[in-house]
Amino acid sequence: MTSRIRHTTIDSADAYGLAGFWSQVLGLPVHEDDEPGDEEVLIEGAGLLFVTVPEAKTVKNRVHLDLQPQDRTRDEEVERLLALGATLVDDRRAPDGRGWAVLSDPEGNEFCVELGPAERTAG
């Protein structure tokens, strides 16, 4: 027998609020049974489980998500995510168009935005 990953769990100060941000990022709904104030909130289609914890985030993530936009460019996706409340942490985009951007969600969890499929095959 082997194991499989059921969820990727993300600690948060406000599970429902942070799940709402990621719901917009991914275009996937939070689970229909989850409500504001719940201590656990699931985005089932992504396998992301947000759990309210008392401790604040204090150090760099040891695990992070890498996003690949599907219907827009990397730079367009970065702008969209910034408008949703993300923060640019480290801009690793190169002059030749390659590279990625490191952002953080509203609670400071880092994630990366990579080139989309069409950008990877161009050039």
# chains A, B, ... in the order shown; residues from 1 in each chain; ligands from 1
call {"tool": "select_by_dssp", "arguments": {"residues": "chain A", "states": "strand (DSSP E)", "output": "PyMOL selection string"}}
result
chain A and resi 8-12+40-43+48-52+65-67+87-91+101-104+110-113
call {"tool": "residues_around", "arguments": {"residues": "Val30 in chain A", "least_positions_apart": "5", "cutoff": "7 Å", "atoms": "only C-alpha atoms", "output": "count of residues only"}}
result
6
call {"tool": "residues_around", "arguments": {"residues": "Leu18 in chain A", "least_positions_apart": "5", "cutoff": "8 Å", "atoms": "only C-alpha atoms", "output": "CSV table (one decimal) with N, CA and C atoms, in the first residue's frame"}}
result
chain,number,residue,atom,x,y,z
A,12,SER,N,-3.5,29.6,8.9
A,12,SER,CA,-3.9,30.9,8.6
A,12,SER,C,-4.5,31.5,9.9
A,50,PHE,N,-7.5,25.2,4.5
A,50,PHE,CA,-7.1,26.3,5.3
A,50,PHE,C,-7.5,26.1,6.7
A,105,ASP,N,0.4,35.9,-0.4
A,105,ASP,CA,-1.0,36.1,-0.2
A,105,ASP,C,-1.2,37.1,0.9
A,106,PRO,N,-2.5,37.4,1.2
A,106,PRO,CA,-2.7,38.4,2.2
A,106,PRO,C,-2.2,38.1,3.6
A,107,GLU,N,-1.9,36.8,3.9
A,107,GLU,CA,-1.3,36.5,5.2
A,107,GLU,C,0.2,36.2,5.1
call {"tool": "residues_around", "arguments": {"residues": "Val51 in chain A", "least_positions_apart": "3", "cutoff": "12 Å", "atoms": "only C-alpha atoms", "output": "ChimeraX atom specification"}}
result
/A:7-19,34,37-43,48,54-55
call {"tool": "select_by_dssp", "arguments": {"residues": "chain A", "states": "alpha helix (DSSP H)", "output": "list in words"}}
result
Ala15, Tyr16, Gly17, Leu18, Ala19, Gly20, Phe21, Trp22, Ser23, Gln24, Val25, Leu26, Arg74, Asp75, Glu76, Glu77, Val78, Glu79, Arg80, Leu81, Leu82, Ala83, Leu84, Pro117, Ala118, Glu119, Arg120 and Thr121 of chain A
call {"tool": "closest_residue", "arguments": {"among": "A:Gly116, A:Gly47, A:Gly85, A:Gly20", "to": "Gly97 in chain A", "atoms": "only C-alpha atoms"}}
result
A:Gly116
call {"tool": "decode", "arguments": {"residues": "range 52-121 of chain A", "atoms": "C-alpha atoms", "output": "PDB file, in the first residue's frame"}}
result
ATOM      1  CA  THR A  52      -7.105  28.754  11.588  1.00  0.00           C
ATOM      2  CA  VAL A  53      -4.182  28.663  14.024  1.00  0.00           C
ATOM      3  CA  PRO A  54      -3.234  31.054  16.835  1.00  0.00           C
ATOM      4  CA  GLU A  55       0.374  31.611  15.711  1.00  0.00           C
ATOM      5  CA  ALA A  56       1.288  34.234  13.133  1.00  0.00           C
ATOM      6  CA  LYS A  57       3.504  33.368  10.174  1.00  0.00           C
ATOM      7  CA  THR A  58       7.096  34.212  11.093  1.00  0.00           C
ATOM      8  CA  VAL A  59       9.477  32.666   8.526  1.00  0.00           C
ATOM      9  CA  LYS A  60       9.724  31.827   4.842  1.00  0.00           C
ATOM     10  CA  ASN A  61       7.547  28.931   3.671  1.00  0.00           C
ATOM     11  CA  ARG A  62       9.327  25.574   3.395  1.00  0.00           C
ATOM     12  CA  VAL A  63       6.718  24.488   0.822  1.00  0.00           C
ATOM     13  CA  HIS A  64       5.029  26.819  -1.642  1.00  0.00           C
ATOM     14  CA  LEU A  65       2.707  26.732  -4.637  1.00  0.00           C
ATOM     15  CA  ASP A  66       3.900  27.439  -8.188  1.00  0.00           C
ATOM     16  CA  LEU A  67       1.098  28.823 -10.338  1.00  0.00           C
ATOM     17  CA  GLN A  68       0.996  28.596 -14.121  1.00  0.00           C
ATOM     18  CA  PRO A  69      -1.607  30.856 -15.754  1.00  0.00           C
ATOM     19  CA  GLN A  70      -3.624  29.031 -18.398  1.00  0.00           C
ATOM     20  CA  ASP A  71      -5.455  31.779 -20.278  1.00  0.00           C
ATOM     21  CA  ARG A  72      -3.175  34.799 -19.889  1.00  0.00           C
ATOM     22  CA  THR A  73       0.498  35.662 -19.668  1.00  0.00           C
ATOM     23  CA  ARG A  74       2.558  35.442 -16.523  1.00  0.00           C
ATOM     24  CA  ASP A  75       2.709  39.239 -16.290  1.00  0.00           C
ATOM     25  CA  GLU A  76      -1.059  39.609 -16.774  1.00  0.00           C
ATOM     26  CA  GLU A  77      -1.601  37.032 -14.027  1.00  0.00           C
ATOM     27  CA  VAL A  78       0.788  38.834 -11.685  1.00  0.00           C
ATOM     28  CA  GLU A  79      -1.192  42.059 -12.197  1.00  0.00           C
ATOM     29  CA  ARG A  80      -4.491  40.245 -11.576  1.00  0.00           C
ATOM     30  CA  LEU A  81      -3.191  38.684  -8.359  1.00  0.00           C
ATOM     31  CA  LEU A  82      -1.817  41.999  -7.111  1.00  0.00           C
ATOM     32  CA  ALA A  83      -5.280  43.496  -7.658  1.00  0.00           C
ATOM     33  CA  LEU A  84      -6.772  40.650  -5.575  1.00  0.00           C
ATOM     34  CA  GLY A  85      -4.515  41.519  -2.636  1.00  0.00           C
ATOM     35  CA  ALA A  86      -1.243  39.669  -3.271  1.00  0.00           C
ATOM     36  CA  THR A  87       2.095  41.403  -2.686  1.00  0.00           C
ATOM     37  CA  LEU A  88       5.177  41.208  -4.903  1.00  0.00           C
ATOM     38  CA  VAL A  89       7.993  39.763  -2.768  1.00  0.00           C
ATOM     39  CA  ASP A  90      10.756  39.060  -5.297  1.00  0.00           C
ATOM     40  CA  ASP A  91      10.720  39.763  -9.019  1.00  0.00           C
ATOM     41  CA  ARG A  92      12.706  37.024 -10.771  1.00  0.00           C
ATOM     42  CA  ARG A  93      11.461  37.950 -14.266  1.00  0.00           C
ATOM     43  CA  ALA A  94      14.385  38.254 -16.678  1.00  0.00           C
ATOM     44  CA  PRO A  95      14.824  40.796 -19.512  1.00  0.00           C
ATOM     45  CA  ASP A  96      14.540  37.940 -22.038  1.00  0.00           C
ATOM     46  CA  GLY A  97      10.986  37.182 -20.805  1.00  0.00           C
ATOM     47  CA  ARG A  98      11.856  34.096 -18.789  1.00  0.00           C
ATOM     48  CA  GLY A  99      11.767  33.739 -15.010  1.00  0.00           C
ATOM     49  CA  TRP A 100       9.024  34.032 -12.427  1.00  0.00           C
ATOM     50  CA  ALA A 101       7.553  36.349  -9.818  1.00  0.00           C
ATOM     51  CA  VAL A 102       7.400  35.548  -6.119  1.00  0.00           C
ATOM     52  CA  LEU A 103       4.258  36.894  -4.483  1.00  0.00           C
ATOM     53  CA  SER A 104       2.647  36.495  -1.087  1.00  0.00           C
ATOM     54  CA  ASP A 105      -0.999  36.066  -0.239  1.00  0.00           C
ATOM     55  CA  PRO A 106      -2.743  38.441   2.207  1.00  0.00           C
ATOM     56  CA  GLU A 107      -1.331  36.472   5.173  1.00  0.00           C
ATOM     57  CA  GLY A 108       2.247  36.430   3.883  1.00  0.00           C
ATOM     58  CA  ASN A 109       2.439  32.915   2.408  1.00  0.00           C
ATOM     59  CA  GLU A 110       4.808  32.963  -0.573  1.00  0.00           C
ATOM     60  CA  PHE A 111       3.940  31.518  -3.986  1.00  0.00           C
ATOM     61  CA  CYS A 112       5.375  31.826  -7.483  1.00  0.00           C
ATOM     62  CA  VAL A 113       3.841  32.732 -10.820  1.00  0.00           C
ATOM     63  CA  GLU A 114       5.567  31.052 -13.744  1.00  0.00           C
ATOM     64  CA  LEU A 115       5.223  31.411 -17.498  1.00  0.00           C
ATOM     65  CA  GLY A 116       2.029  30.096 -19.064  1.00  0.00           C
ATOM     66  CA  PRO A 117       2.114  27.204 -21.565  1.00  0.00           C
ATOM     67  CA  ALA A 118       2.005  29.464 -24.640  1.00  0.00           C
ATOM     68  CA  GLU A 119       4.907  31.560 -23.305  1.00  0.00           C
ATOM     69  CA  ARG A 120       6.996  28.438 -22.663  1.00  0.00           C
ATOM     70  CA  THR A 121       6.722  27.345 -26.311  1.00  0.00           C
TER      71      THR A 121
END
